[in-house]
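One file, entry-v9.txt, carrying compact mmCIF, C-alpha atoms and all ligand atoms:
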# COMPACT_ATOMS: atom_id res chain seq x y z
CA ASP M 269 -3.75 4.82 -30.90
CA ALA M 270 -7.45 5.05 -31.64
CA HIS M 271 -7.40 1.57 -33.25
CA VAL M 272 -7.93 -0.01 -29.82
CA ASN M 273 -11.63 0.10 -29.16
CA GLU M 274 -13.10 -0.20 -25.70
CA SER M 275 -15.22 -3.16 -26.83
CA VAL M 276 -12.11 -5.36 -27.00
CA PHE M 277 -12.00 -5.28 -23.20
CA THR M 278 -15.68 -5.94 -22.58
CA GLU M 279 -15.62 -8.80 -25.08
CA LEU M 280 -12.27 -10.43 -24.36
CA GLU M 281 -11.31 -9.63 -20.78
CA SER M 282 -12.69 -11.41 -17.73
CA GLU M 283 -15.59 -10.02 -15.75
CA VAL M 284 -13.20 -9.68 -12.80
CA ARG M 285 -11.84 -6.40 -14.20
CA SER M 286 -12.48 -3.51 -11.86
CA TYR M 287 -10.95 -0.02 -12.16
CA CYS M 288 -11.61 0.12 -15.89
CA ARG M 289 -15.33 0.04 -15.17
CA ASN M 290 -15.04 3.32 -13.25
CA TRP M 291 -12.80 4.89 -15.88
CA PRO M 292 -14.42 3.79 -19.13
CA THR M 293 -11.84 4.89 -21.63
CA VAL M 294 -8.67 3.53 -23.24
CA PHE M 295 -5.52 4.99 -21.71
CA THR M 296 -2.35 5.30 -23.70
CA ARG M 297 0.37 7.57 -22.27
CA ALA M 298 1.37 9.01 -18.94
CA SER M 299 3.89 11.44 -17.56
CA GLY M 300 4.31 12.68 -14.00
CA SER M 301 0.89 13.16 -12.43
CA TRP M 302 -0.92 13.03 -15.77
CA ILE M 303 -2.37 10.17 -17.81
CA SER M 304 -4.05 10.53 -21.20
CA ASP M 305 -6.47 8.51 -23.27
CA THR M 306 -6.86 7.73 -26.95
CA GLU M 307 -9.39 10.55 -27.32
CA GLY M 308 -6.65 13.02 -26.42
CA ARG M 309 -8.09 13.79 -22.99
CA SER M 310 -5.71 14.22 -20.04
CA TYR M 311 -6.46 13.30 -16.44
CA LEU M 312 -4.72 14.13 -13.20
CA ASP M 313 -3.92 10.80 -11.62
CA PHE M 314 -4.68 10.90 -7.88
CA PHE M 315 -4.73 7.11 -7.66
CA ALA M 316 -1.20 6.65 -9.01
CA GLY M 317 -1.22 2.90 -9.55
CA ALA M 318 -2.94 2.30 -6.19
CA GLY M 319 0.19 3.62 -4.54
CA ALA M 320 2.70 2.05 -6.95
CA LEU M 321 3.66 5.37 -8.57
CA ASN M 322 4.89 7.51 -5.67
CA TYR M 323 7.40 9.19 -8.02
CA GLY M 324 4.87 9.68 -10.83
CA HIS M 325 4.46 8.08 -14.26
CA ASN M 326 7.62 7.75 -16.36
CA ASN M 327 9.68 9.70 -13.87
CA PRO M 328 12.48 11.09 -16.11
CA ILE M 329 15.36 10.18 -13.77
CA LEU M 330 14.15 6.61 -13.35
CA LYS M 331 13.35 6.34 -17.06
CA LYS M 332 16.88 7.29 -18.01
CA ALA M 333 18.36 4.72 -15.59
CA LEU M 334 16.09 2.05 -17.07
CA ILE M 335 16.80 2.92 -20.70
CA ASP M 336 20.56 3.03 -20.05
CA TYR M 337 20.41 -0.37 -18.36
CA ILE M 338 18.44 -2.01 -21.19
CA ALA M 339 20.59 -0.30 -23.86
CA ASP M 340 23.63 -1.87 -22.25
CA ASP M 341 22.08 -5.37 -22.37
CA GLY M 342 21.63 -5.46 -18.61
CA ILE M 343 20.03 -8.68 -17.41
CA THR M 344 16.23 -8.56 -17.49
CA HIS M 345 15.37 -11.94 -16.05
CA GLY M 346 17.81 -13.47 -13.62
CA LEU M 347 15.88 -15.85 -11.34
CA ASP M 348 17.49 -15.18 -7.97
CA MET M 349 21.01 -15.10 -9.38
CA SER M 350 23.48 -12.66 -7.87
CA THR M 351 23.55 -9.79 -10.34
CA VAL M 352 25.12 -6.36 -10.31
CA ALA M 353 21.65 -4.75 -10.40
CA LYS M 354 20.50 -6.74 -7.38
CA GLY M 355 23.73 -6.11 -5.50
CA ASP M 356 23.49 -2.37 -6.15
CA PHE M 357 19.92 -2.35 -4.91
CA LEU M 358 20.74 -4.30 -1.72
CA GLN M 359 23.67 -2.02 -0.90
CA THR M 360 21.65 1.12 -1.63
CA PHE M 361 18.72 -0.09 0.49
CA GLN M 362 21.15 -0.81 3.32
CA ASP M 363 23.02 2.52 3.04
CA VAL M 364 20.13 4.88 2.27
CA ILE M 365 17.21 3.31 4.13
CA LEU M 366 18.16 0.77 6.81
CA ALA M 367 21.45 2.03 8.28
CA PRO M 368 20.42 5.69 8.81
CA ARG M 369 17.33 4.46 10.67
CA GLY M 370 19.28 2.01 12.81
CA LEU M 371 17.28 -0.87 11.34
CA ASP M 372 18.73 -4.33 10.92
CA TYR M 373 16.86 -6.55 8.46
CA LYS M 374 17.72 -9.29 6.01
CA VAL M 375 16.02 -8.77 2.65
CA GLN M 376 13.99 -11.54 1.03
CA PHE M 377 12.66 -11.24 -2.53
CA PRO M 378 9.45 -13.23 -2.16
CA GLY M 379 8.00 -12.82 -5.66
CA PRO M 380 6.83 -9.97 -7.85
CA THR M 381 4.02 -8.40 -5.90
CA GLY M 382 2.65 -7.35 -2.51
CA THR M 383 0.71 -10.48 -1.83
CA ASN M 384 3.86 -12.57 -2.33
CA ALA M 385 5.57 -10.61 0.45
CA VAL M 386 2.61 -11.17 2.77
CA GLU M 387 2.55 -14.92 1.99
CA SER M 388 6.22 -15.27 2.81
CA ALA M 389 5.81 -13.22 6.02
CA LEU M 390 2.96 -15.44 7.22
CA LYS M 391 4.84 -18.63 6.32
CA LEU M 392 8.01 -17.49 8.00
CA ALA M 393 6.16 -16.44 11.18
CA ARG M 394 4.61 -19.89 11.36
CA LYS M 395 7.94 -21.59 10.75
CA VAL M 396 9.78 -19.48 13.36
CA THR M 397 7.19 -19.93 16.11
CA GLY M 398 5.87 -23.38 15.26
CA ARG M 399 2.41 -21.88 15.77
CA GLU M 400 -0.31 -21.77 13.21
CA SER M 401 -2.75 -18.94 13.69
CA ILE M 402 -2.44 -15.27 12.81
CA ILE M 403 -4.15 -12.23 14.32
CA ASN M 404 -5.39 -9.74 11.77
CA PHE M 405 -7.62 -6.67 12.01
CA THR M 406 -11.08 -5.57 11.01
CA ASN M 407 -11.01 -3.94 7.54
CA ALA M 408 -7.48 -5.19 6.85
CA PHE M 409 -6.28 -5.70 3.27
CA HIS M 410 -3.24 -7.86 2.60
CA GLY M 411 -3.69 -9.31 -0.89
CA MET M 412 -5.60 -11.81 -2.97
CA THR M 413 -3.69 -15.10 -2.70
CA LEU M 414 -5.17 -17.51 -0.21
CA GLY M 415 -2.90 -16.83 2.77
CA SER M 416 -3.08 -13.05 2.33
CA LEU M 417 -6.80 -13.30 1.70
CA SER M 418 -7.23 -15.19 4.97
CA VAL M 419 -5.99 -12.13 6.83
CA THR M 420 -7.98 -9.68 4.67
CA GLY M 421 -11.18 -8.37 6.23
CA ASN M 422 -13.31 -7.65 3.18
CA SER M 423 -15.98 -10.35 2.94
CA MET M 424 -16.77 -9.61 -0.72
CA LYS M 425 -13.16 -10.25 -1.68
CA ARG M 426 -12.92 -13.35 0.51
CA ALA M 427 -16.07 -14.88 -0.94
CA GLY M 428 -14.37 -15.96 -4.14
CA ALA M 429 -11.96 -18.17 -2.25
CA GLY M 430 -14.38 -20.19 -0.16
CA ILE M 431 -12.80 -21.30 3.10
CA PRO M 432 -9.56 -19.49 3.98
CA LEU M 433 -6.47 -21.64 4.30
CA VAL M 434 -4.82 -19.85 7.20
CA HIS M 435 -6.45 -19.72 10.58
CA ALA M 436 -6.89 -16.02 11.24
CA THR M 437 -8.64 -14.24 14.11
CA PRO M 438 -9.73 -10.66 13.50
CA MET M 439 -9.24 -8.09 16.24
CA PRO M 440 -10.79 -4.60 16.22
CA PHE M 441 -8.49 -2.06 14.55
CA ASP M 442 -7.78 1.19 16.35
CA ASN M 443 -10.91 3.33 16.73
CA TYR M 444 -13.21 0.50 15.60
CA PHE M 445 -15.41 1.22 18.61
CA GLY M 446 -14.83 4.97 18.37
CA GLY M 447 -11.60 5.26 20.34
CA VAL M 448 -12.80 3.22 23.34
CA VAL M 449 -10.10 0.55 23.27
CA GLU M 450 -6.98 2.10 24.74
CA ASP M 451 -4.88 -0.96 25.50
CA PHE M 452 -4.77 -4.68 24.89
CA ALA M 453 -5.56 -5.89 28.42
CA TRP M 454 -8.78 -7.40 27.10
CA PHE M 455 -6.81 -9.31 24.46
CA GLU M 456 -4.35 -10.69 26.98
CA ARG M 457 -7.27 -11.91 29.05
CA VAL M 458 -8.67 -13.75 26.04
CA LEU M 459 -5.21 -15.12 25.28
CA ASP M 460 -4.84 -16.55 28.79
CA ASP M 461 -8.37 -17.91 28.99
CA SER M 462 -8.39 -21.62 28.12
CA GLY M 463 -12.09 -21.30 27.41
CA SER M 464 -11.75 -18.52 24.83
CA GLY M 465 -10.95 -20.83 21.95
CA LEU M 466 -8.11 -18.58 20.80
CA ASN M 467 -5.03 -20.51 19.73
CA ARG M 468 -1.76 -18.87 20.72
CA PRO M 469 -0.95 -16.88 17.55
CA ALA M 470 2.30 -16.95 15.60
CA ALA M 471 2.00 -13.33 14.55
CA VAL M 472 -0.07 -10.19 14.34
CA ILE M 473 -0.26 -8.55 10.90
CA VAL M 474 -1.19 -4.88 10.75
CA GLU M 475 -1.26 -1.85 8.46
CA THR M 476 -0.45 1.44 10.21
CA VAL M 477 -3.00 3.12 7.95
CA GLN M 478 -5.53 0.84 6.31
CA GLY M 479 -5.61 1.96 2.69
CA GLU M 480 -8.16 -0.36 1.10
CA GLY M 481 -10.07 -0.52 4.39
CA GLY M 482 -11.01 3.17 4.17
CA VAL M 483 -7.99 5.24 5.24
CA ASN M 484 -8.22 4.16 8.87
CA VAL M 485 -5.29 5.68 10.72
CA ALA M 486 -3.88 3.87 13.75
CA ARG M 487 -2.68 6.22 16.48
CA THR M 488 0.97 5.97 17.42
CA GLU M 489 0.02 5.05 21.03
CA TRP M 490 -2.10 2.21 19.74
CA LEU M 491 0.73 0.94 17.54
CA ARG M 492 3.13 1.16 20.46
CA ALA M 493 0.73 -0.75 22.71
CA LEU M 494 0.35 -3.40 20.01
CA ALA M 495 4.13 -3.72 19.57
CA ASP M 496 4.51 -3.96 23.34
CA LEU M 497 1.85 -6.67 23.55
CA CYS M 498 3.62 -8.68 20.84
CA LYS M 499 6.97 -8.37 22.60
CA ARG M 500 5.68 -9.35 26.02
CA ARG M 501 3.66 -12.27 24.74
CA ASP M 502 6.25 -13.53 22.27
CA ILE M 503 4.07 -12.94 19.20
CA LEU M 504 5.76 -11.74 16.01
CA LEU M 505 4.73 -8.33 14.69
CA ILE M 506 4.36 -8.05 10.92
CA VAL M 507 3.79 -4.54 9.54
CA ASP M 508 2.37 -4.65 6.02
CA ASP M 509 3.84 -1.50 4.47
CA VAL M 510 2.96 -2.44 0.90
CA GLN M 511 0.74 0.62 0.42
CA MET M 512 1.85 2.98 3.20
CA GLY M 513 5.60 2.40 2.86
CA CYS M 514 8.01 4.19 0.51
CA GLY M 515 7.13 7.59 1.93
CA ARG M 516 3.36 7.72 1.57
CA THR M 517 2.78 8.80 5.18
CA GLY M 518 5.76 11.18 5.30
CA THR M 519 8.52 8.82 6.46
CA PHE M 520 10.02 6.01 4.36
CA PHE M 521 8.47 3.35 6.62
CA SER M 522 5.04 4.21 7.95
CA PHE M 523 5.91 2.85 11.42
CA GLU M 524 8.87 5.19 11.98
CA GLU M 525 6.77 7.85 13.68
CA ALA M 526 5.55 5.34 16.28
CA GLY M 527 9.15 4.33 16.96
CA ILE M 528 8.33 0.62 16.76
CA THR M 529 10.52 -2.06 15.18
CA PRO M 530 8.46 -4.82 13.56
CA ASP M 531 9.87 -8.34 13.34
CA ILE M 532 8.88 -8.59 9.70
CA VAL M 533 7.98 -5.84 7.19
CA THR M 534 6.44 -6.20 3.75
CA LEU M 535 7.07 -3.68 0.97
CA SER M 536 5.97 -3.57 -2.67
CA LYS M 537 4.04 -1.11 -4.88
CA SER M 538 6.38 1.93 -4.99
CA ILE M 539 9.60 0.15 -4.01
CA GLY M 540 10.29 -0.61 -7.70
CA GLY M 541 9.93 3.12 -8.27
CA TYR M 542 8.83 3.06 -11.88
CA GLY M 543 5.71 0.98 -11.53
CA LEU M 544 7.66 -2.21 -12.17
CA PRO M 545 6.77 -5.16 -9.95
CA LEU M 546 9.07 -5.74 -6.99
CA ALA M 547 8.38 -6.93 -3.46
CA LEU M 548 10.51 -7.25 -0.34
CA THR M 549 10.06 -9.11 2.89
CA LEU M 550 12.30 -7.62 5.58
CA ILE M 551 13.25 -10.07 8.29
CA ARG M 552 14.96 -9.46 11.62
CA PRO M 553 18.24 -11.37 11.08
CA GLU M 554 17.71 -13.88 13.89
CA LEU M 555 14.34 -14.84 12.37
CA ASP M 556 15.78 -15.67 8.95
CA VAL M 557 15.33 -19.41 9.37
CA TRP M 558 14.47 -20.12 5.73
CA ALA M 559 16.14 -23.19 4.26
CA PRO M 560 17.64 -22.53 0.80
CA GLY M 561 14.90 -22.63 -1.83
CA GLU M 562 12.13 -23.15 0.71
CA HIS M 563 10.23 -20.19 -0.70
CA ASN M 564 11.01 -19.65 -4.37
CA GLY M 565 9.50 -18.31 -7.57
CA THR M 566 10.52 -17.55 -11.15
CA PHE M 567 10.05 -13.79 -10.92
CA ARG M 568 11.88 -13.00 -7.69
CA GLY M 569 14.67 -11.02 -9.27
CA ASN M 570 13.23 -8.21 -11.37
CA ASN M 571 16.53 -6.68 -12.45
CA PRO M 572 15.10 -3.64 -14.30
CA ALA M 573 13.07 -2.95 -11.14
CA PHE M 574 16.23 -3.23 -9.02
CA VAL M 575 17.74 -0.51 -11.22
CA THR M 576 14.79 1.88 -10.92
CA ALA M 577 14.38 1.04 -7.21
CA ALA M 578 18.01 1.86 -6.39
CA THR M 579 17.82 5.04 -8.48
CA ALA M 580 14.64 6.14 -6.71
CA LEU M 581 16.24 5.63 -3.28
CA GLN M 582 19.35 7.57 -4.34
CA THR M 583 17.26 10.36 -5.87
CA TYR M 584 14.61 10.82 -3.20
CA TRP M 585 15.77 9.36 0.09
CA THR M 586 19.31 10.57 0.75
CA ASP M 587 17.88 13.68 2.46
CA ASP M 588 14.51 14.67 3.92
CA THR M 589 13.30 16.92 1.08
CA LEU M 590 10.62 14.52 -0.12
CA SER M 591 9.52 13.68 3.43
CA ARG M 592 8.91 17.34 4.15
CA GLU M 593 7.05 17.77 0.85
CA VAL M 594 4.77 14.85 1.71
CA VAL M 595 3.86 16.46 5.03
CA SER M 596 3.14 19.87 3.48
CA LYS M 597 1.20 18.49 0.49
CA GLY M 598 -0.73 16.20 2.84
CA ASP M 599 -1.67 19.25 4.91
CA ARG M 600 -2.81 20.96 1.72
CA ILE M 601 -5.17 18.08 0.94
CA ALA M 602 -6.40 17.98 4.55
CA THR M 603 -7.10 21.74 4.46
CA ALA M 604 -9.14 21.36 1.26
CA PHE M 605 -11.05 18.47 2.87
CA THR M 606 -11.67 20.51 6.04
CA GLU M 607 -13.25 23.25 3.91
CA LEU M 608 -15.53 20.72 2.22
CA CYS M 609 -16.51 19.24 5.58
CA GLU M 610 -17.38 22.71 6.89
CA ARG M 611 -19.45 23.50 3.81
CA TYR M 612 -21.41 20.24 3.56
CA ASP M 613 -23.11 17.96 6.10
CA GLY M 614 -22.48 14.25 6.27
CA LEU M 615 -18.78 14.52 5.42
CA SER M 616 -15.63 13.90 7.42
CA HIS M 617 -11.99 13.32 6.58
CA ARG M 618 -8.97 11.45 7.86
CA GLY M 619 -5.49 10.56 6.72
CA ARG M 620 -1.76 10.88 7.23
CA GLY M 621 0.74 12.44 4.88
CA MET M 622 -0.34 11.94 1.27
CA VAL M 623 -2.99 9.32 1.89
CA GLN M 624 -6.16 11.24 2.64
CA GLY M 625 -9.75 10.09 2.67
CA LEU M 626 -12.98 12.07 2.32
CA VAL M 627 -15.66 10.05 4.09
CA PHE M 628 -19.32 10.23 3.03
CA ASP M 629 -22.08 9.28 5.47
CA GLU M 630 -24.06 8.40 2.35
CA ALA M 631 -21.75 5.81 0.76
CA SER M 632 -23.20 6.08 -2.76
CA GLU M 633 -22.15 9.73 -2.95
CA ALA M 634 -18.46 8.78 -2.85
CA GLY M 635 -18.79 6.77 -6.07
CA LYS M 636 -20.78 9.56 -7.72
CA VAL M 637 -18.11 12.10 -6.79
CA CYS M 638 -15.41 9.90 -8.36
CA SER M 639 -17.36 9.43 -11.55
CA ILE M 640 -18.06 13.17 -11.91
CA ALA M 641 -14.37 13.84 -11.17
CA PHE M 642 -13.40 11.42 -13.95
CA GLY M 643 -15.58 13.35 -16.39
CA ALA M 644 -13.81 16.53 -15.30
CA GLY M 645 -10.32 15.06 -15.69
CA LEU M 646 -9.37 13.51 -12.35
CA LEU M 647 -8.75 9.87 -11.43
CA ALA M 648 -9.66 9.11 -7.81
CA GLU M 649 -10.92 5.87 -6.27
CA THR M 650 -13.14 4.87 -3.40
CA SER M 651 -12.18 2.56 -0.56
CA GLY M 652 -13.69 1.30 2.70
CA PRO M 653 -16.10 -1.56 3.42
CA THR M 654 -18.99 0.13 1.60
CA ASP M 655 -16.84 2.24 -0.75
CA GLU M 656 -17.80 5.27 1.29
CA VAL M 657 -14.37 6.92 1.24
CA VAL M 658 -12.82 8.89 -1.63
CA LYS M 659 -9.17 8.00 -1.17
CA LEU M 660 -6.47 10.25 -2.60
CA LEU M 661 -2.99 8.86 -3.28
CA PRO M 662 -1.40 11.37 -5.67
CA PRO M 663 2.26 10.93 -6.64
CA LEU M 664 4.45 12.26 -3.81
CA THR M 665 6.31 14.32 -6.39
CA ILE M 666 3.20 16.09 -7.74
CA ASP M 667 3.48 19.86 -8.39
CA THR M 668 1.43 21.85 -5.90
CA SER M 669 -0.36 23.57 -8.79
CA ASP M 670 -1.50 20.15 -10.10
CA LEU M 671 -2.46 19.12 -6.57
CA ASP M 672 -4.60 22.23 -6.21
CA ALA M 673 -6.14 21.71 -9.66
CA GLY M 674 -7.15 18.14 -8.75
CA LEU M 675 -8.56 19.25 -5.41
CA ALA M 676 -10.60 21.92 -7.21
CA ILE M 677 -12.04 19.26 -9.55
CA LEU M 678 -12.93 17.13 -6.54
CA ALA M 679 -14.59 20.09 -4.76
CA GLY M 680 -16.61 20.77 -7.93
CA ALA M 681 -17.71 17.12 -8.01
CA VAL M 682 -18.89 17.27 -4.39
CA ARG M 683 -20.77 20.50 -5.18
CA GLU M 684 -22.46 18.82 -8.16
CA VAL M 685 -23.48 15.78 -6.14
CA ARG M 686 -25.00 18.02 -3.47
CA SER M 687 -26.72 20.45 -5.83
N1 LIG S 701 -1.00 -5.24 1.38
C1 LIG S 701 -1.54 -4.02 1.31
C2 LIG S 701 -1.55 -3.16 2.53
C3 LIG S 701 -2.08 -3.55 0.09
O1 LIG S 701 -2.65 -2.35 0.04
C4 LIG S 701 -2.03 -4.40 -1.03
C5 LIG S 701 -2.57 -3.95 -2.39
N2 LIG S 701 -3.59 -3.05 -2.39
C6 LIG S 701 -1.44 -5.66 -0.90
C7 LIG S 701 -0.93 -6.04 0.32
C8 LIG S 701 -1.37 -6.61 -2.06
O2 LIG S 701 -0.46 -6.17 -2.99
P1 LIG S 701 -0.55 -6.69 -4.50
O3 LIG S 701 -1.82 -6.17 -5.06
O4 LIG S 701 0.66 -6.10 -5.15
O5 LIG S 701 -0.49 -8.17 -4.45
What would you get if you wrote out this structure as structure tokens?
Amino acid sequence: DAHVNESVFTELESEVRSYCRNWPTVFTRASGSWISDTEGRSYLDFFAGAGALNYGHNNPILKKALIDYIADDGITHGLDMSTVAKGDFLQTFQDVILAPRGLDYKVQFPGPTGTNAVESALKLARKVTGRESIINFTNAFHGMTLGSLSVTGNSMKRAGAGIPLVHATPMPFDNYFGGVVEDFAWFERVLDDSGSGLNRPAAVIVETVQGEGGVNVARTEWLRALADLCKRRDILLIVDDVQMGCGRTGTFFSFEEAGITPDIVTLSKSIGGYGLPLALTLIRPELDVWAPGEHNGTFRGNNPAFVTAATALQTYWTDDTLSREVVSKGDRIATAFTELCERYDGLSHRGRGMVQGLVFDEASEAGKVCSIAFGAGLLAETSGPTDEVVKLLPPLTIDTSDLDAGLAILAGAVREVRS
């Protein structure tokens, strides 16, 4: 393994690379919650593919399903052909996820990754309503292609694209003004005011917990008020569950707790289960007005990912064991964060389920904590507009002893930064 030198990346790979700068080593193998490098060092992975590895690295059950499928010459690339792997996935998703929750959605495969799902959601909302503009939120993150970028709040990330293609109007996310905004009466006033300059929007796109935006948690009442506004004013509600879906917050869909039913839902990251690219756009059946082939793409049917996705749903979502684990492990992280906040000034924490953020008043400290943690064997990343939040997204399946070990490393890193 040691034949791959780090210089190959600095010399040959584009300057756009990011995470590797924070974790300056060459990684080679991974299993469960652990990833190791060519120097033989092991790290607890509390970033888990930015939320793409909810069931851990090389999950043995998913690995076996994948190896069996490939060994049997199962189709790898199948455009959007009807295949057994795709059919099994669709039926499993229906039986294990949608039907038990009383949800009725058609499933679109919009392309390999999260941003493809967001693009198709925005396009479809515009096609259904015949309206152009989209309402997004402060600190939102929806992806890097131009449509998704237009509804992403981070100005550094938008800068590379110049002028956004989609007309988007940002609204304050829940708690933006410190919990002052309790309803959307103000928004309806702006909507009705011919002098406001606001075009009647096709859709609102929202994350229930903003992951990249700094672990900003929307309250259930706020989400309900937003869903109610959309219903009354005939605006489509898109929930982007790319990062918070697949169990991260404690329920399969992050919006279940609020009891709302979005018109369109995007899923990606952990839906493939094994870290293989797969994205879904879920569409209320009456909104499925796509013409055949109107939104296509070569990599819409990732058959190996259908296999691991269906296996993951069968393994983890036919009862509520994992859901309950997410809640208790999330509480464990929150308890550790509460202790840190009591011990040190200038710290706070927030989160839901197994997405938890430790917020530093002094933004630069968050980055220092992550880099010390890396040196001590823990991968954790920052998020938020000024990278002021240490965001933890460990695999949902992590052993509690590993969870505690990672939290101890993090506590040690905070101590070192403050000493
Ligand atoms: N939406 C949300 C909420 C995300 O967190 C992300 C990725 N961080 C995306 C969309 C984009 O997904 P991808 O990187 O797979 O294109």
Exercise. Within 6 Å of ligand LIG 701 (chain S), counting only C-alpha atoms and all ligand atoms: which residues, as a PyMOL selection string?
Worked result: chain M and resi 381-383+409-411+479-480+508-511
For this session: Kindly indicate which residue among M:Trp558, M:Val685, M:Ile402, M:Glu649 lies nearest to Cys288 in chain M, using all atoms listed in the file for the distances.
Result: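 With all atoms listed in the file as the atom set, the closest residue is M:Glu649.
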For this session: Choose the residue, out of M:Trp454, M:Pro530, M:Arg297, M:Asp496, that has the smallest atom-to-atom separation from Ser310 in chain M; count all atoms listed in the file.
Result: M:Arg297
Problem set entry | Among listed residues M:Trp490, M:Leu544, M:Glu684, M:Ala604, nearest Asn570 in chain M (using all atoms listed in the file) | M:Leu544
For this session: Calculate how many Å separate CA of Ala353 in chain M from CA of Arg516 in chain M, rounding to one decimal.
Result: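 Interatomic distance here is 25.2 Å.
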Exercise. From the set M:Asn564, M:Thr519, M:Asn422, M:Thr344, which residue has the shortest atom-to-atom contact distance to Pro378 in chain M, counting only C-alpha atoms?
Worked result: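 Selected residue with least distance to Pro378 in chain M: M:Asn564.
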Exercise. Using all atoms listed in the file, which residue out of M:Ala453, M:Leu546, M:Met622, M:Leu459 lies closest to Ala493 in chain M?
Worked result: M:Ala453
Exercise. Any idea what the distance is between CA of Glu656 in chain M and CA of Phe441 in chain M?
Worked result: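 Straight-line distance from CA of Glu656 in chain M to CA of Phe441 in chain M works out to 17.8 Å.
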Exercise. Counting all atoms listed in the file, what is within 12 Å of Leu334 in chain M, bar same-chain residues fewer than 4 positions away, as a PyMOL selection string?
Worked result: chain M and resi 326-330+338-344+353+540-544+571-580
Problem set entry | Point (-10.1, 7.2, -1.9) neighbourhood (7 Å, all atoms listed in the file) written as a PyMOL selection string | chain M and resi 625+648-651+657-660
For this session: Please identify all polymer residues within 7 Å of range 462-473 of chain M, counting only C-alpha atoms, omitting same-chain residues fewer than 2 positions from it, and present them as a PyMOL selection string.
Result: chain M and resi 393-394+397+399-404+458-460+503-508
For this session: Using all atoms listed in the file, determine which residues lie at most 9 Å from range 631-645 of chain M, disregarding the query and same-chain residues fewer than 6 positions distant; provide the list as number ranges by chain.
Result: M: 290-291, 309-313, 654-658, 674, 677-686
For this session: Would you mind listing what lies within 7 Å of Ile551 in chain M as a ChimeraX atom specification, with all atoms listed in the file counted and same-chain residues fewer than 3 positions away left out?
Result: /M:373-375,531-533,555-556
Write the selection just made, keeping C-alpha atoms, as a compact mmCIF listing (two decimals), keeping the file's coordinate frame?
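Listed below is the output, again_7.txt:
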# COMPACT_ATOMS: atom_id res chain seq x y z
CA TYR M 373 16.86 -6.55 8.46
CA LYS M 374 17.72 -9.29 6.01
CA VAL M 375 16.02 -8.77 2.65
CA ASP M 531 9.87 -8.34 13.34
CA ILE M 532 8.88 -8.59 9.70
CA VAL M 533 7.98 -5.84 7.19
CA LEU M 555 14.34 -14.84 12.37
CA ASP M 556 15.78 -15.67 8.95
For this session: For CA of Lys597 in chain M and CA of Val485 in chain M, determine how far apart the two atoms are, in Å to one decimal place.
Result: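 Taking CA of Lys597 in chain M as the start and CA of Val485 in chain M as the end point, the length is 17.6 Å.
The shortest atom-to-atom distance to Thr306 in chain M, with only C-alpha atoms taken into account, belongs to M:Glu274 out of M:Asp670, M:Asp613, M:Glu456, M:Glu274.
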For this session: For Asp348 in chain M, work out the shell of residues within 12 Å, counting all atoms listed in the file and skipping chain neighbours fewer than 5 positions away, then give it as a PyMOL selection string.
Result: chain M and resi 343+353-355+376-380+560-561+563-571
Take the selection from the previous step and output its residues with C-alpha atoms, as a JSON list (two decimals), in the frame of the given file.
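Once everything was written out, this is again_38.json:
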[["chain", "number", "residue", "atom", "x", "y", "z"],
["M", 343, "ILE", "CA", 20.03, -8.68, -17.41],
["M", 353, "ALA", "CA", 21.65, -4.75, -10.40],
["M", 354, "LYS", "CA", 20.50, -6.74, -7.38],
["M", 355, "GLY", "CA", 23.73, -6.11, -5.50],
["M", 376, "GLN", "CA", 13.99, -11.54, 1.03],
["M", 377, "PHE", "CA", 12.66, -11.24, -2.53],
["M", 378, "PRO", "CA", 9.45, -13.23, -2.16],
["M", 379, "GLY", "CA", 8.00, -12.82, -5.66],
["M", 380, "PRO", "CA", 6.83, -9.97, -7.85],
["M", 560, "PRO", "CA", 17.64, -22.53, 0.80],
["M", 561, "GLY", "CA", 14.90, -22.63, -1.83],
["M", 563, "HIS", "CA", 10.23, -20.19, -0.70],
["M", 564, "ASN", "CA", 11.01, -19.65, -4.37],
["M", 565, "GLY", "CA", 9.50, -18.31, -7.57],
["M", 566, "THR", "CA", 10.52, -17.55, -11.15],
["M", 567, "PHE", "CA", 10.05, -13.79, -10.92],
["M", 568, "ARG", "CA", 11.88, -13.00, -7.69],
["M", 569, "GLY", "CA", 14.67, -11.02, -9.27],
["M", 570, "ASN", "CA", 13.23, -8.21, -11.37],
["M", 571, "ASN", "CA", 16.53, -6.68, -12.45]]
Given 3 Å on each side, where is the centre and what are the edge lengths in Å to one decimal of the axis-aligned box enclosing the listed atoms of range 300-319 of chain M, as AutoDock Vina command-line options?
--center_x -2.5 --center_y 8.3 --center_z -15.9 --size_x 19.7 --size_y 17.9 --size_z 28.8
Write out N, CA and C atoms for range 632-636 of chain M, as a short mmCIF file (atom, residue, chain, number, x, y, z; two decimals), keeping the file's coordinate frame.
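Final output, saved to out01.cif:
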data_model
loop_
_atom_site.label_atom_id
_atom_site.label_comp_id
_atom_site.auth_asym_id
_atom_site.auth_seq_id
_atom_site.Cartn_x
_atom_site.Cartn_y
_atom_site.Cartn_z
N SER M 632 -23.06 6.00 -1.30
CA SER M 632 -23.20 6.08 -2.76
C SER M 632 -22.67 7.41 -3.31
N GLU M 633 -22.64 8.43 -2.47
CA GLU M 633 -22.15 9.73 -2.95
C GLU M 633 -20.66 9.67 -3.31
N ALA M 634 -19.91 8.84 -2.59
CA ALA M 634 -18.46 8.78 -2.85
C ALA M 634 -18.20 8.31 -4.29
N GLY M 635 -18.93 7.27 -4.71
CA GLY M 635 -18.79 6.77 -6.07
C GLY M 635 -19.22 7.81 -7.10
N LYS M 636 -20.31 8.53 -6.78
CA LYS M 636 -20.78 9.56 -7.72
C LYS M 636 -19.74 10.66 -7.87
#
